[in-house]
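Report on the structure given below.
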Amino acid sequence: MKNIDWANLTFGYVPTDYNVRCYYRNGKWGEVEVCSTDQISMSIAATCLHYGQEAFEGLKAYRCPDGKIRVFRMDENAARLQSTSRGIMMPEVSTALFEEMVAKVVRLNQEYVPTYESGATLYIRPLLLGVSAQVGVHPSRDYVFLIFVTPVGPYFKGGFSSNPYVIIRDYDRAAPLGTGIYKVGGNYAASLKANHIAHEKGYASEFYLDSKEKKYMDECGAANFFGIKNNTYVTPKSSSILPSITNKSLMQLAEDLGMTVERRQIPEEELATFEEAGACGTAAVISPISYIDDLDNGKRYNYGEKPGPWSKKLYDTLTGIQYGLIEDKHGWTTVVVE
C-alpha cells in the first residue's frame, strides 16, 4: 500500500505507476502495452483535438473487507463505449479487450487502491482518441485506447449527504438527436458554463430541462435524476440523457426491494409530488437532493436536509454489493485481485 492519506483524498487526479494502451492501426487493434508515463504524444493535427472524436468511460475498483479487489459492471461500461463508438464513427473496443485492460491496470496499480475504511476508491478512466493527423472533417484512421487509474475521495465533499440543485434554462448540455446519449467530452464542455453559474449561486449542481420544450426533467449536471414517491422509483426517459450504469443498477435494486420502477418523461410540476429525489452516477453513486430551486418561477421543491429512507437503502445496498458485503445476485462484480 502506498503512503497516502486515503481518508482525505479529493475527487482529483493522483498519478499512479502505470497505465495501459492499445493502438488501432491498419484496421485492427494491436497488442496491449504497459506505460509508466502519463503523457501522450500526438500530432497537433490529431482528429480528437480538432473535431472532438474522443470518448471516455468511468468505473471504480474497490478494496473490500475480505481483502479482495472488485470492479463493478465493467461489461456495461464496455457496452456503453461501444455504443458511443458507433455514434461518433470510431472502431469498437471489444468487451474482452476492455475487461482485459481494466483488470490489468488495476492489478498493476493495486497499491493505489484505497483502504476499505477510508471510503475512497480507485477511479478507472478508459479513454478512446482519434489520433490521425488531418484537417478534413472525417473520421480518424488511427486510434489509441488507454486506461489510467487514480485514487479518489467522495465526488461531493460531504459524501452521502443532501445537496441543493438549481434549474438552468439558458443552457442545454445536449440536443435531443445529438450526442447526449454518448459519453463524449463535448457534452461536458457544454455543461461547464451552467455548472459554473450554479456553483456561483451556492448550488451543488445545475439541473437541465429537455432542450426541445423546456417542460421535462433531463439530466442534473453530469448525473441522472430519480424521484421517489408512493413506493415508486421514477427516472426520466429522454433521447439526450446518458444511460447511467449506476441508474440502471438502482432500478434493478429498487425492483428487488419491492418498489415499482417507472422510466418516463417527468414534467417539472411533478417535482412537487416526490418524497425523495437524487442524482446518481459512478462518481457520487447517489447524491440525495435537499431541494431544487426554479429561480425563474420563484419555486422551491423540498426533499429534506437529510437523505430519505429509500435513498439510504438503495445507496447501502449498491455499495454493499460493490464492496462484497451483500450477495451479488446479479453477477455485477468481478474480482480482479484475490
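Residues are referred to by chain and number: the chain letter is A, B, ... according to the order shown in the C-alpha cells, the number counts from 1 in that chain, and ligands are numbered separately from 1 in the order shown.
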
* **Who sits within 8 Å of A:Pro267, only C-alpha atoms, same chain under 3 positions skipped, as a PyMOL selection string** => chain A and resi 215-217+270-271

Please build the interface table for stretch 249-311 of chain A against stretch 149-172 of chain A with a cut-off of 12 Å, listing for each qualifying residue the nearest atom pair and the distance in Å to one decimal; count only C-alpha atoms, order rows by chain and increasing number, and write it as CSV.
residue,atom,partner,partner_atom,distance
A:Glu268,CA,A:Ile167,CA,9.7
A:Leu271,CA,A:Ile167,CA,11.6
A:Glu276,CA,A:Ser162,CA,10.4
A:Ala277,CA,A:Ser162,CA,9.5
A:Gly278,CA,A:Ser162,CA,8.4
A:Ala279,CA,A:Asn163,CA,9.6
A:Cys280,CA,A:Tyr155,CA,11.2
A:Gly281,CA,A:Tyr155,CA,10.0
A:Thr282,CA,A:Tyr155,CA,9.4
A:Ala283,CA,A:Tyr155,CA,5.7
A:Ala284,CA,A:Tyr155,CA,5.2
A:Val285,CA,A:Phe160,CA,8.7
A:Ile286,CA,A:Phe160,CA,7.1
A:Ser287,CA,A:Phe160,CA,6.3
A:Pro288,CA,A:Ser162,CA,4.6
A:Ile289,CA,A:Asn163,CA,5.0
A:Ser290,CA,A:Ser162,CA,5.0
A:Tyr291,CA,A:Pro164,CA,5.0
A:Ile292,CA,A:Tyr165,CA,4.8
A:Asp293,CA,A:Val166,CA,4.7
A:Asp294,CA,A:Ile167,CA,5.3
A:Leu295,CA,A:Ile167,CA,7.3
A:Asp296,CA,A:Arg169,CA,8.4
A:Asn297,CA,A:Ile167,CA,10.1
A:Gly298,CA,A:Ile167,CA,11.0
A:Lys299,CA,A:Ile167,CA,10.1
A:Arg300,CA,A:Val166,CA,9.1
A:Tyr301,CA,A:Tyr165,CA,9.8
A:Asn302,CA,A:Pro164,CA,9.3
A:Tyr303,CA,A:Ser162,CA,9.0
A:Gly304,CA,A:Ser162,CA,7.9
A:Glu305,CA,A:Ser162,CA,6.0
A:Lys306,CA,A:Ser162,CA,5.7
A:Pro307,CA,A:Ser162,CA,5.8
A:Gly308,CA,A:Ser162,CA,9.1
A:Ser311,CA,A:Phe160,CA,9.8

Would you output that residue set with C-alpha atoms, as a PDB file, in the first residue's frame?
ATOM      1  CA  GLU A 268     -41.296  19.840 -13.909  1.00  0.00           C
ATOM      2  CA  LEU A 271     -41.202  17.544  -8.745  1.00  0.00           C
ATOM      3  CA  GLU A 276     -37.261  11.946  -2.151  1.00  0.00           C
ATOM      4  CA  ALA A 277     -35.035  12.893  -5.059  1.00  0.00           C
ATOM      5  CA  GLY A 278     -31.451  12.273  -6.027  1.00  0.00           C
ATOM      6  CA  ALA A 279     -28.730  12.374  -8.647  1.00  0.00           C
ATOM      7  CA  CYS A 280     -26.844   9.194  -9.443  1.00  0.00           C
ATOM      8  CA  GLY A 281     -23.673   8.227 -11.259  1.00  0.00           C
ATOM      9  CA  THR A 282     -20.359   6.424 -10.887  1.00  0.00           C
ATOM     10  CA  ALA A 283     -18.584   9.289  -9.138  1.00  0.00           C
ATOM     11  CA  ALA A 284     -21.118  10.034  -6.389  1.00  0.00           C
ATOM     12  CA  VAL A 285     -23.170   6.781  -6.524  1.00  0.00           C
ATOM     13  CA  ILE A 286     -26.186   8.652  -5.107  1.00  0.00           C
ATOM     14  CA  SER A 287     -26.230  12.342  -4.263  1.00  0.00           C
ATOM     15  CA  PRO A 288     -29.520  12.943  -2.419  1.00  0.00           C
ATOM     16  CA  ILE A 289     -31.174  16.257  -3.298  1.00  0.00           C
ATOM     17  CA  SER A 290     -32.229  18.546  -0.450  1.00  0.00           C
ATOM     18  CA  TYR A 291     -34.152  20.903  -2.730  1.00  0.00           C
ATOM     19  CA  ILE A 292     -34.402  22.048  -6.340  1.00  0.00           C
ATOM     20  CA  ASP A 293     -34.864  25.744  -6.998  1.00  0.00           C
ATOM     21  CA  ASP A 294     -36.562  27.152 -10.084  1.00  0.00           C
ATOM     22  CA  LEU A 295     -35.373  30.739  -9.781  1.00  0.00           C
ATOM     23  CA  ASP A 296     -37.179  31.833 -12.955  1.00  0.00           C
ATOM     24  CA  ASN A 297     -40.547  30.982 -11.412  1.00  0.00           C
ATOM     25  CA  GLY A 298     -39.715  31.507  -7.733  1.00  0.00           C
ATOM     26  CA  LYS A 299     -40.341  27.865  -6.841  1.00  0.00           C
ATOM     27  CA  ARG A 300     -38.538  25.524  -4.475  1.00  0.00           C
ATOM     28  CA  TYR A 301     -39.120  21.768  -4.396  1.00  0.00           C
ATOM     29  CA  ASN A 302     -38.097  20.462  -0.956  1.00  0.00           C
ATOM     30  CA  TYR A 303     -36.956  16.920  -0.130  1.00  0.00           C
ATOM     31  CA  GLY A 304     -35.435  17.385   3.308  1.00  0.00           C
ATOM     32  CA  GLU A 305     -31.987  18.200   4.641  1.00  0.00           C
ATOM     33  CA  LYS A 306     -31.147  14.545   5.249  1.00  0.00           C
ATOM     34  CA  PRO A 307     -31.164  11.644   2.778  1.00  0.00           C
ATOM     35  CA  GLY A 308     -34.527   9.902   2.641  1.00  0.00           C
ATOM     36  CA  SER A 311     -32.215   6.713  -0.975  1.00  0.00           C
TER      37      SER A 311
END

Identify, on the basis of only C-alpha atoms, every residue whose closest approach to A:Val337 does not exceed 7 Å; exclude the query and any residue fewer than 6 positions from it along the same chain; express the result as a PDB file with N, CA and C atoms, in the first residue's frame.
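The new file selection.pdb reads:
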ATOM      1  N   LYS A  68     -10.182  -8.749  -1.021  1.00  0.00           N
ATOM      2  CA  LYS A  68     -10.200  -8.807  -2.482  1.00  0.00           C
ATOM      3  C   LYS A  68     -10.443  -7.417  -3.080  1.00  0.00           C
ATOM      4  N   ILE A  69     -10.052  -7.265  -4.330  1.00  0.00           N
ATOM      5  CA  ILE A  69     -10.337  -6.026  -5.057  1.00  0.00           C
ATOM      6  C   ILE A  69     -11.340  -6.358  -6.148  1.00  0.00           C
ATOM      7  N   ARG A 107      -4.551  -4.351 -11.445  1.00  0.00           N
ATOM      8  CA  ARG A 107      -3.531  -5.211 -10.820  1.00  0.00           C
ATOM      9  C   ARG A 107      -2.176  -4.501 -10.771  1.00  0.00           C
TER      10      ARG A 107
END

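Counting only C-alpha atoms and comparing A:Leu129, A:Ile44, A:Val336, A:Cys35, the residue that lies closest to A:Lys60 is A:Val336.
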
Could you give me, as CSV, a per-residue list for stretch 72-123 of chain A showing, wherever an atom lies at most 10 Å from an atom of stretch 56-59 of chain A, the closest pair of atoms and their distance in Å to one decimal, using only C-alpha atoms and sorting by chain then residue number from low to high?
residue,atom,partner,partner_atom,distance
A:Phe72,CA,A:Leu59,CA,7.1
A:Arg73,CA,A:Leu59,CA,8.2
A:Met74,CA,A:Leu59,CA,7.2
A:Glu76,CA,A:Leu59,CA,9.9
A:Asn77,CA,A:Glu57,CA,6.5
A:Ala78,CA,A:Glu57,CA,8.3
A:Arg80,CA,A:Glu57,CA,8.1
A:Leu81,CA,A:Glu57,CA,6.8
A:Thr84,CA,A:Phe56,CA,8.8
A:Ser85,CA,A:Phe56,CA,9.9
A:Val102,CA,A:Leu59,CA,9.5
A:Thr121,CA,A:Leu59,CA,9.9
A:Leu122,CA,A:Leu59,CA,8.6
A:Tyr123,CA,A:Leu59,CA,6.0

Store the residues picked out above, limited to N, CA and C atoms, as a short mmCIF file (atom, residue, chain, number, x, y, z; two decimals), in the first residue's frame.
data_model
loop_
_atom_site.label_atom_id
_atom_site.label_comp_id
_atom_site.auth_asym_id
_atom_site.auth_seq_id
_atom_site.Cartn_x
_atom_site.Cartn_y
_atom_site.Cartn_z
N PHE A 72 -16.85 -3.09 -10.63
CA PHE A 72 -18.30 -3.16 -10.76
C PHE A 72 -18.76 -2.98 -12.20
N ARG A 73 -19.42 -3.98 -12.75
CA ARG A 73 -20.14 -3.95 -14.02
C ARG A 73 -19.32 -3.41 -15.19
N MET A 74 -18.08 -3.86 -15.32
CA MET A 74 -17.24 -3.32 -16.40
C MET A 74 -17.75 -3.72 -17.78
N GLU A 76 -20.78 -3.47 -18.70
CA GLU A 76 -21.71 -2.41 -19.06
C GLU A 76 -20.96 -1.18 -19.57
N ASN A 77 -19.82 -0.88 -18.96
CA ASN A 77 -19.02 0.24 -19.46
C ASN A 77 -18.50 -0.05 -20.86
N ALA A 78 -18.09 -1.30 -21.09
CA ALA A 78 -17.63 -1.70 -22.42
C ALA A 78 -18.75 -1.52 -23.45
N ARG A 80 -21.33 0.48 -23.27
CA ARG A 80 -21.64 1.90 -23.49
C ARG A 80 -20.58 2.57 -24.36
N LEU A 81 -19.30 2.20 -24.16
CA LEU A 81 -18.25 2.73 -25.01
C LEU A 81 -18.45 2.27 -26.46
N THR A 84 -21.10 4.48 -27.93
CA THR A 84 -20.53 5.79 -28.24
C THR A 84 -19.68 5.71 -29.50
N SER A 85 -18.89 4.65 -29.62
CA SER A 85 -18.02 4.49 -30.79
C SER A 85 -18.83 4.43 -32.08
N VAL A 102 -8.86 -3.36 -18.20
CA VAL A 102 -9.28 -2.87 -16.87
C VAL A 102 -8.62 -3.71 -15.78
N THR A 121 -11.95 5.22 -3.24
CA THR A 121 -11.93 4.15 -4.23
C THR A 121 -10.86 4.43 -5.28
N LEU A 122 -10.63 3.46 -6.14
CA LEU A 122 -9.74 3.66 -7.28
C LEU A 122 -10.61 3.93 -8.49
N TYR A 123 -10.51 5.15 -9.01
CA TYR A 123 -11.29 5.53 -10.19
C TYR A 123 -10.56 5.06 -11.44
#

* **Spatial neighbours of stretch 14-29 of chain A, 10 Å, only C-alpha atoms, chain gap at least 6 places, as an MDAnalysis selection string** => chainID A and resid 2 35:38 91:94 97 101:102 104:112 125:132 141:152
